[in-house]
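Raw contents of protein-v2.cif, mmCIF, C-alpha atoms:
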```cif
data_my_file
#
loop_
_atom_site.label_atom_id
_atom_site.label_comp_id
_atom_site.auth_asym_id
_atom_site.auth_seq_id
_atom_site.Cartn_x
_atom_site.Cartn_y
_atom_site.Cartn_z
CA MET S 1 65.70 -1.70 31.71
CA ARG S 2 67.75 -3.12 34.59
CA TYR S 3 66.72 -4.39 38.02
CA PRO S 4 69.27 -6.00 40.35
CA LEU S 5 68.10 -8.70 42.73
CA THR S 6 69.33 -11.56 44.87
CA VAL S 7 67.56 -14.87 44.51
CA THR S 8 67.19 -16.37 47.98
CA THR S 9 66.16 -19.90 47.05
CA LEU S 10 65.83 -22.08 44.02
CA ALA S 11 64.67 -25.10 46.01
CA GLY S 12 63.33 -27.74 43.67
CA CYS S 13 64.71 -25.98 40.59
CA ASN S 14 67.82 -26.70 38.60
CA ALA S 15 70.25 -24.47 36.87
CA VAL S 16 71.24 -25.90 33.51
CA VAL S 17 74.71 -25.08 32.24
CA VAL S 18 75.39 -25.98 28.62
CA GLY S 19 79.15 -26.14 28.05
CA GLY S 20 81.84 -27.86 30.08
CA GLY S 21 84.84 -25.62 29.37
CA THR S 22 86.39 -22.93 31.54
CA VAL S 23 83.39 -20.60 31.21
CA GLY S 24 80.99 -23.39 32.11
CA GLU S 25 83.20 -24.30 35.06
CA ARG S 26 83.07 -20.71 36.32
CA LYS S 27 79.26 -20.72 36.06
CA VAL S 28 79.01 -24.07 37.88
CA ARG S 29 81.37 -22.88 40.64
CA GLY S 30 79.19 -19.85 41.32
CA LEU S 31 76.01 -21.92 41.33
CA LEU S 32 77.48 -24.44 43.75
CA ALA S 33 78.58 -21.61 46.03
CA GLY S 34 74.95 -20.49 46.05
CA GLU S 35 73.79 -24.06 46.75
CA VAL S 36 71.88 -24.25 43.46
CA PRO S 37 71.38 -27.73 41.97
CA VAL S 38 73.24 -27.95 38.66
CA ARG S 39 72.70 -30.03 35.53
CA LEU S 40 75.58 -29.72 33.08
CA VAL S 41 75.11 -30.68 29.43
CA SER S 42 78.35 -31.18 27.55
CA PRO S 43 80.16 -34.04 25.78
CA SER S 44 83.38 -33.08 27.60
CA ALA S 45 84.32 -31.12 30.70
CA THR S 46 87.20 -29.64 32.63
CA HIS S 47 88.93 -31.70 35.31
CA GLN S 48 87.13 -29.72 38.02
CA ILE S 49 83.71 -30.35 36.50
CA VAL S 50 84.51 -34.06 36.22
CA ALA S 51 85.47 -34.06 39.91
CA TRP S 52 82.21 -32.35 40.89
CA ALA S 53 80.24 -34.89 38.86
CA GLU S 54 82.14 -37.85 40.32
CA ALA S 55 81.51 -36.49 43.83
CA GLY S 56 77.78 -36.23 43.05
CA GLU S 57 77.78 -32.45 43.42
CA ILE S 58 76.35 -31.92 39.94
CA GLU S 59 74.48 -33.94 37.36
CA TRP S 60 76.49 -34.26 34.14
CA ILE S 61 74.76 -35.26 30.91
CA ARG S 62 77.70 -36.31 28.71
CA ARG S 63 76.48 -35.31 25.26
CA ARG S 64 75.71 -32.31 23.10
CA TYR S 65 72.75 -30.07 23.94
CA ARG S 66 69.41 -31.10 22.51
CA ASP S 67 65.79 -30.06 22.78
CA GLY S 68 64.32 -30.95 26.16
CA ASP S 69 67.50 -30.38 28.18
CA LEU S 70 66.02 -27.28 29.81
CA GLU S 71 63.11 -29.13 31.45
CA GLY S 72 62.88 -28.29 35.16
CA ALA S 73 65.33 -25.42 34.87
CA ALA S 74 64.93 -22.07 36.58
CA LEU S 75 68.21 -20.62 35.30
CA VAL S 76 69.98 -21.43 32.05
CA PHE S 77 73.58 -20.69 31.11
CA ALA S 78 74.67 -21.01 27.47
CA ALA S 79 78.43 -21.34 27.92
CA THR S 80 79.79 -23.33 24.98
CA ASP S 81 82.46 -22.17 22.55
CA GLN S 82 80.00 -22.62 19.68
CA ARG S 83 77.93 -19.57 18.74
CA ALA S 84 75.20 -21.62 17.05
CA VAL S 85 74.70 -23.84 20.12
CA ASN S 86 74.55 -20.86 22.49
CA HIS S 87 72.00 -19.20 20.20
CA GLU S 88 69.90 -22.38 20.13
CA VAL S 89 69.99 -22.66 23.94
CA ALA S 90 69.00 -18.99 24.31
CA ALA S 91 66.10 -19.35 21.87
CA ALA S 92 64.81 -22.43 23.69
CA ALA S 93 65.09 -20.70 27.07
CA HIS S 94 63.25 -17.62 25.80
CA ALA S 95 60.50 -19.81 24.33
CA LYS S 96 60.01 -21.32 27.80
CA GLU S 97 60.23 -17.86 29.45
CA LEU S 98 63.30 -18.90 31.46
CA LEU S 99 66.09 -16.72 32.71
CA VAL S 100 69.08 -17.25 30.41
CA ASN S 101 72.66 -16.03 30.45
CA VAL S 102 74.57 -16.23 27.17
CA ALA S 103 78.32 -16.12 27.72
CA ASP S 104 79.44 -15.09 24.25
CA ALA S 105 76.53 -12.74 23.44
CA PRO S 106 75.19 -11.16 26.65
CA ALA S 107 72.50 -9.19 24.79
CA GLU S 108 70.90 -12.50 23.74
CA GLY S 109 70.20 -13.35 27.36
CA ASN S 110 67.97 -11.69 29.91
CA PHE S 111 70.34 -11.69 32.89
CA HIS S 112 74.03 -11.67 33.66
CA SER S 113 75.97 -12.95 36.63
CA PRO S 114 77.60 -10.30 38.80
CA ALA S 115 81.11 -10.52 40.21
CA VAL S 116 80.58 -11.93 43.72
CA THR S 117 82.51 -12.16 46.96
CA ARG S 118 81.26 -13.98 50.04
CA LYS S 119 82.43 -13.38 53.60
CA ASP S 120 80.60 -15.12 56.44
CA ASP S 121 76.92 -14.27 55.86
CA LEU S 122 77.70 -11.25 53.68
CA ILE S 123 77.34 -11.48 49.91
CA VAL S 124 78.59 -8.58 47.80
CA SER S 125 77.84 -8.53 44.09
CA VAL S 126 79.00 -5.99 41.54
CA SER S 127 77.58 -5.46 38.06
CA THR S 128 77.91 -2.91 35.30
CA TYR S 129 75.25 -1.57 32.96
CA SER S 130 77.71 -1.56 30.13
CA GLY S 131 78.63 -5.25 30.18
CA GLN S 132 82.19 -4.72 31.39
CA PRO S 133 82.92 -7.83 33.49
CA ARG S 134 86.56 -6.87 34.08
CA ARG S 135 85.49 -3.60 35.66
CA ALA S 136 82.99 -5.38 37.92
CA THR S 137 85.61 -7.97 38.87
CA ALA S 138 88.14 -5.27 39.77
CA ALA S 139 85.58 -3.49 41.96
CA ARG S 140 84.64 -6.79 43.61
CA ASP S 141 88.29 -7.51 44.36
CA ARG S 142 88.77 -4.08 45.96
CA ILE S 143 85.70 -4.65 48.13
CA ALA S 144 86.92 -8.13 49.11
CA ALA S 145 90.28 -6.65 50.15
CA LEU S 146 88.48 -4.11 52.35
CA LEU S 147 86.46 -6.88 53.97
CA GLU S 148 89.65 -8.83 54.70
CA LYS S 149 91.14 -5.76 56.44
CA GLU S 150 88.15 -5.63 58.81
CA GLU S 151 89.23 -8.82 60.56
#
```

Please express the file's structure as structure tokens.
Amino acid sequence: MRYPLTVTTLAGCNAVVVGGGTVGERKVRGLLAGEVPVRLVSPSATHQIVAWAEAGEIEWIRRRYRDGDLEGAALVFAATDQRAVNHEVAAAAHAKELLVNVADAPAEGNFHSPAVTRKDDLIVSVSTYSGQPRRATAARDRIAALLEKEE
């Protein structure tokens, strides 16, 4: 069962991203673009994530994930390169009835992030039912090119 939607506000709620590598960075970038407060849990992080943390744009908890890290979260992203950790994050999120995205095992989560392009006040998102992110990204890029031609 699938139902696409756009969340218009997460005021007062955090998104928790577990994992500070390139996948975690991509998740954080999208959340910041949507003005969603982010808490990152990871012992290490990419240079860009470090810069966001140093600028006060995100909260960075510099350690491994542990029980309790999902408190206050509305959205959870399990984005580590460790299958067992992502599974643990997903199980904890499900137990709390939270929305969770699991980068390395999408079927373990209950939502996925679409490919998004933003132009002025227009937001276009593209998803697939079959879990083919490259196909969604290609469609998003074609739409973005059309929007650029409109100028």

Translate the PyMOL selection byres ((chain S and resi 46) around 8) into a concrete residue list for this structure, as a list in words.
Gly20, Gly21, Thr22, Glu25, Ser44, Ala45, His47, Gln48, Ile49 and Val50 of chain S

Compare S:Val23, S:Ala145, S:Pro37, S:Asp121 by their minimum atom-to-atom distance to S:Glu57, counting all atoms listed in the file, and give me the closest one.
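Checking each candidate against S:Glu57, we get S:Pro37 as the closest.
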
Evaluate the PyMOL selection byres ((chain S and resi 96) around 12) and report residues as number ranges by chain:
S: 67-76, 89-95, 97-100

For S:Arg2, which residue among S:Arg118, S:Asn110, S:Leu147, S:Arg142 is the nearest when counting only C-alpha atoms?
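Selected residue with least distance to S:Arg2: S:Asn110.
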
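Counting only C-alpha atoms, the residue from S:Lys149, S:Pro106, S:Thr9, S:Val17 that sits nearest to S:Arg29 is S:Val17.
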
Pick from S:Ser127, S:Thr80, S:Thr137, S:Thr8: nearest to S:Ala105, with only C-alpha atoms counted?
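Distance minimum relative to S:Ala105 lands on S:Thr80.
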
Point-to-point distance in Å for atom CA of S:Arg39 and atom CA of S:Ala15:
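Value for the atom CA of S:Ala15-atom CA of S:Arg39 distance: 6.2 Å.
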
Around (67.6, -10.8, 44.4) in the file's frame, which residues reach within 12 Å when counting only C-alpha atoms? Return as a PyMOL selection string?
chain S and resi 3-10+111+113-114+123-125

How would the residues just chosen look if you wrote them out with C-alpha atoms as a PDB file, in the coordinates of the input?
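New file part.pdb:
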```pdb
ATOM      1  CA  TYR S   3      66.720  -4.390  38.020  1.00  0.00           C
ATOM      2  CA  PRO S   4      69.270  -6.000  40.350  1.00  0.00           C
ATOM      3  CA  LEU S   5      68.100  -8.700  42.730  1.00  0.00           C
ATOM      4  CA  THR S   6      69.330 -11.560  44.870  1.00  0.00           C
ATOM      5  CA  VAL S   7      67.560 -14.870  44.510  1.00  0.00           C
ATOM      6  CA  THR S   8      67.190 -16.370  47.980  1.00  0.00           C
ATOM      7  CA  THR S   9      66.160 -19.900  47.050  1.00  0.00           C
ATOM      8  CA  LEU S  10      65.830 -22.080  44.020  1.00  0.00           C
ATOM      9  CA  PHE S 111      70.340 -11.690  32.890  1.00  0.00           C
ATOM     10  CA  SER S 113      75.970 -12.950  36.630  1.00  0.00           C
ATOM     11  CA  PRO S 114      77.600 -10.300  38.800  1.00  0.00           C
ATOM     12  CA  ILE S 123      77.340 -11.480  49.910  1.00  0.00           C
ATOM     13  CA  VAL S 124      78.590  -8.580  47.800  1.00  0.00           C
ATOM     14  CA  SER S 125      77.840  -8.530  44.090  1.00  0.00           C
TER      15      SER S 125
END
```

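Atom CA of S:Ile61 lies 7.5 Å from atom CA of S:Pro43.
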
Across S:Ile58, S:Ala136, S:Val36, S:Val102, the smallest distance to S:Phe77, with all atoms listed in the file counted, is shown by S:Val102

Contact residues around S:Ala107 with all atoms listed in the file at 12 Å, ignoring same-chain residues under 6 positions, as a ChimeraX atom specification:
/S:87,90,100-101,129-131

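Computed from the coordinates, the atom CA of S:Arg83 to atom CA of S:Glu108 distance equals 11.2 Å.
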
Report the centre and edge lengths, in Å to one decimal, of an axis-aligned box enclosing every atom of stretch 62-74 of chain S listed in the file, padded by 5 Å on each side, as lines of an AutoDock Vina configuration file.
```
center_x = 70.3
center_y = -29.2
center_z = 29.5
size_x = 24.8
size_y = 24.2
size_z = 24.1
```

Residue nearest S:Gly19 among S:Lys119, S:Arg134, S:Arg62, S:Arg140 (counting only C-alpha atoms):
S:Arg62
